[in-house]
Amino acid sequence: MSDIIFDGRAYCKIMLHAAKYPHLAVNGLLLAENGKPSVIVDAVPLFHQCLHVSPMAEVALIQVESKAVKKNQQIVGYYVGCENFYDNHFDRAPGIRIADKIAEQCSDACVAVIDNRAVSIEMRYPALKVWQHRDRWSKAKCIVRNETDTFDTVSCLLQRGAAKELNDYDNYLDNTQNDWDNTHLNGDLKQLLAMY
């Protein structure tokens with residue numbers, strides 16, 4: 001079983017996306033630095049309405065890939081949070097075709113399914129179940145960098161209502177002033193993660 005490591009910023013964004021839409025399924029893309037596909041350094045929240053492959057998903061993938069290349073990053077995975085509180089398994093995750101498309105471009109692609117039961121202010125263990133593509137999708141181990149500090153940061157953000165500040169690609173489609181890259185949150189995340 002291989003390890004997939006999540007940097008604090010990526011992990012926090014995924015948790016905020018799930019917390020912003022607890023009544024809906026959510027999805028997004030996982031980014032890594034070029035040449036390091038098993039270390040997830042950022043996450044880009046995509047949708048909370050239609051998670052399946054669509055023309056808008058194609059457009060989002062192109063825009064995210066273009067921006068990632070400028071940062072010396074690449075799309076290496078997909079995350080999803082199911083609508084049903086108890087559906088936290090790979091086989092029930094919506095939009096897995098997006099992950100398959102990513103796996104065509106990245107041989108070590110991964111999928112992270114949010115364990116809705118573990119997303120809370122009092123997080124004790126990683127709220128992600130991870131699979132990696134190696135000829136087929138197989139279980140991988142989720143490791144969160146600086147786990148305690150990252151969990152404390154998520155707790156702080158959830159308590160202050162920061163989930164409302166996160167924009168996904170759906171928000172951007174509603175109003176192009178909404179930054180899907182969440183540049184406004186990246187500074188806060190950097191400060192908070194450094195505090196703990």
# chains A, B, ... in the order shown; residues from 1 in each chain; ligands from 1
>>> residues_around(residues="region 106-108 of chain A", least_positions_apart="4", cutoff="8 Å", atoms="only C-alpha atoms", output="list in words")
Pro37, Ser38, Ile75, Val76, Ile102, Gln132, His133 and Arg134 of chain A
>>> write_last_selection(atoms="N, CA and C atoms", output="mmCIF file, in the first residue's frame")
data_model
loop_
_atom_site.group_PDB
_atom_site.id
_atom_site.type_symbol
_atom_site.label_atom_id
_atom_site.label_comp_id
_atom_site.auth_asym_id
_atom_site.auth_seq_id
_atom_site.Cartn_x
_atom_site.Cartn_y
_atom_site.Cartn_z
ATOM 1 N N PRO A 37 4.085 13.195 -7.481
ATOM 2 C CA PRO A 37 2.644 12.984 -7.528
ATOM 3 C C PRO A 37 2.014 12.468 -6.243
ATOM 4 N N SER A 38 2.805 11.958 -5.314
ATOM 5 C CA SER A 38 2.207 11.430 -4.089
ATOM 6 C C SER A 38 2.188 12.438 -2.942
ATOM 7 N N ILE A 75 -2.017 18.367 -12.143
ATOM 8 C CA ILE A 75 -3.197 17.710 -11.586
ATOM 9 C C ILE A 75 -2.858 16.237 -11.422
ATOM 10 N N VAL A 76 -2.954 15.737 -10.189
ATOM 11 C CA VAL A 76 -2.604 14.338 -9.931
ATOM 12 C C VAL A 76 -3.750 13.544 -9.314
ATOM 13 N N ILE A 102 -8.093 11.728 -15.313
ATOM 14 C CA ILE A 102 -6.825 12.188 -14.739
ATOM 15 C C ILE A 102 -5.795 11.059 -14.780
ATOM 16 N N GLN A 132 -5.161 4.855 -5.084
ATOM 17 C CA GLN A 132 -4.179 5.265 -6.084
ATOM 18 C C GLN A 132 -4.292 4.356 -7.299
ATOM 19 N N HIS A 133 -4.044 4.922 -8.460
ATOM 20 C CA HIS A 133 -4.157 4.166 -9.700
ATOM 21 C C HIS A 133 -2.817 3.535 -10.052
ATOM 22 N N ARG A 134 -2.787 2.242 -10.066
ATOM 23 C CA ARG A 134 -1.632 1.453 -10.500
ATOM 24 C C ARG A 134 -2.203 0.306 -11.320
#
>>> select_by_dssp(residues="chain A", states="strand (DSSP E)", output="ChimeraX atom specification")
/A:3-6,26-33,39-47,73-81,110-114,128-133,137-144
>>> closest_residue(among="A:Asn34, A:Ser54, A:Thr148, A:Gln191", to="Lys71 (chain A)", atoms="only C-alpha atoms")
A:Asn34
>>> closest_residue(among="A:Asp181, A:Glu104, A:Glu83, A:Asp149", to="Arg124 (chain A)", atoms="only C-alpha atoms")
A:Asp149
>>> residues_around(residues="Leu189 (chain A)", least_positions_apart="6", cutoff="12 Å", atoms="only C-alpha atoms", output="number ranges by chain")
A: 7-13, 16, 42, 149-150, 152-154, 156-157, 162, 166, 182-183, 195-196
>>> residues_around(residues="Val113 (chain A)", least_positions_apart="2", cutoff="6 Å", atoms="only C-alpha atoms", output="PyMOL selection string")
chain A and resi 79-81+128-129
>>> atom_distance(atom1="CA of Leu24 (chain A)", atom2="CA of Ser120 (chain A)")
16.3 Å
>>> residues_around(residues="Glu65 (chain A)", least_positions_apart="6", cutoff="10 Å", atoms="only C-alpha atoms", output="list in words")
Leu29, Leu31, Val59, Lys71, Gln73, Gln74 and Ile75 of chain A
>>> residues_around(residues="Gly161 (chain A)", least_positions_apart="6", cutoff="12 Å", atoms="only C-alpha atoms", output="PyMOL selection string")
chain A and resi 16-17+19-20+121+154-155
>>> write_last_selection(atoms="N, CA and C atoms", output="compact mmCIF listing (two decimals), in the first residue's frame")
# COMPACT_ATOMS: atom_id res chain seq x y z
N LEU A 16 -13.00 22.46 4.14
CA LEU A 16 -13.86 23.64 4.04
C LEU A 16 -14.92 23.46 2.95
N HIS A 17 -14.54 22.83 1.85
CA HIS A 17 -15.50 22.59 0.76
C HIS A 17 -16.61 21.66 1.25
N ALA A 19 -17.54 21.22 4.34
CA ALA A 19 -18.31 21.92 5.38
C ALA A 19 -19.24 22.99 4.80
N LYS A 20 -18.85 23.60 3.70
CA LYS A 20 -19.68 24.64 3.08
C LYS A 20 -20.97 24.06 2.52
N ILE A 121 -15.33 19.77 14.06
CA ILE A 121 -14.45 20.72 14.75
C ILE A 121 -13.43 19.96 15.60
N VAL A 154 -7.94 23.37 10.83
CA VAL A 154 -9.29 23.08 10.33
C VAL A 154 -10.32 23.46 11.39
N SER A 155 -10.07 23.09 12.63
CA SER A 155 -10.98 23.40 13.73
C SER A 155 -11.19 24.91 13.85
>>> select_by_dssp(residues="region 15-195 of chain A", states="helix (DSSP H, G or I)", output="number ranges by chain")
A: 15-20, 55-70, 90-92, 96-105, 116-118, 147-159, 162-165, 169-174, 183-195
>>> residues_around(residues="Ile98 (chain A)", least_positions_apart="3", cutoff="12 Å", atoms="only C-alpha atoms", output="mmCIF file with C-alpha atoms, in the first residue's frame")
data_model
loop_
_atom_site.group_PDB
_atom_site.id
_atom_site.type_symbol
_atom_site.label_atom_id
_atom_site.label_comp_id
_atom_site.auth_asym_id
_atom_site.auth_seq_id
_atom_site.Cartn_x
_atom_site.Cartn_y
_atom_site.Cartn_z
ATOM 1 C CA ASN A 27 -15.651 17.445 -5.732
ATOM 2 C CA GLY A 28 -12.334 18.969 -6.693
ATOM 3 C CA LEU A 29 -8.877 18.451 -8.086
ATOM 4 C CA LEU A 30 -5.671 17.570 -6.279
ATOM 5 C CA LEU A 46 -14.796 22.293 -8.417
ATOM 6 C CA LEU A 51 -20.292 16.312 -10.279
ATOM 7 C CA HIS A 52 -20.282 14.181 -13.388
ATOM 8 C CA VAL A 53 -18.246 14.751 -16.536
ATOM 9 C CA SER A 54 -19.762 17.694 -18.325
ATOM 10 C CA PRO A 55 -18.641 20.504 -20.632
ATOM 11 C CA MET A 56 -18.074 22.684 -17.539
ATOM 12 C CA ALA A 57 -15.846 20.012 -16.001
ATOM 13 C CA GLU A 58 -13.774 19.979 -19.201
ATOM 14 C CA ALA A 60 -12.477 23.654 -15.395
ATOM 15 C CA LEU A 61 -9.831 20.983 -16.015
ATOM 16 C CA ILE A 75 -3.197 17.710 -11.586
ATOM 17 C CA VAL A 76 -2.604 14.338 -9.931
ATOM 18 C CA GLY A 77 -5.941 13.486 -8.408
ATOM 19 C CA TYR A 78 -9.553 14.021 -7.624
ATOM 20 C CA TYR A 79 -11.456 14.375 -4.372
ATOM 21 C CA VAL A 80 -15.137 13.826 -3.758
ATOM 22 C CA ALA A 93 -18.429 8.256 -5.261
ATOM 23 C CA PRO A 94 -19.947 10.408 -8.012
ATOM 24 C CA GLY A 95 -17.843 11.635 -10.906
ATOM 25 C CA LYS A 101 -9.533 10.856 -17.080
ATOM 26 C CA ILE A 102 -6.825 12.188 -14.739
ATOM 27 C CA ALA A 103 -5.322 8.678 -14.495
ATOM 28 C CA GLU A 104 -4.924 8.664 -18.291
ATOM 29 C CA GLN A 105 -2.532 11.615 -17.934
ATOM 30 C CA ALA A 109 -3.212 9.453 -9.961
ATOM 31 C CA CYS A 110 -5.161 9.309 -6.721
ATOM 32 C CA VAL A 111 -8.724 9.679 -5.509
#
>>> closest_residue(among="A:Val26, A:Val144, A:Ile5, A:Leu192", to="Asn84 (chain A)", atoms="only C-alpha atoms")
A:Val26
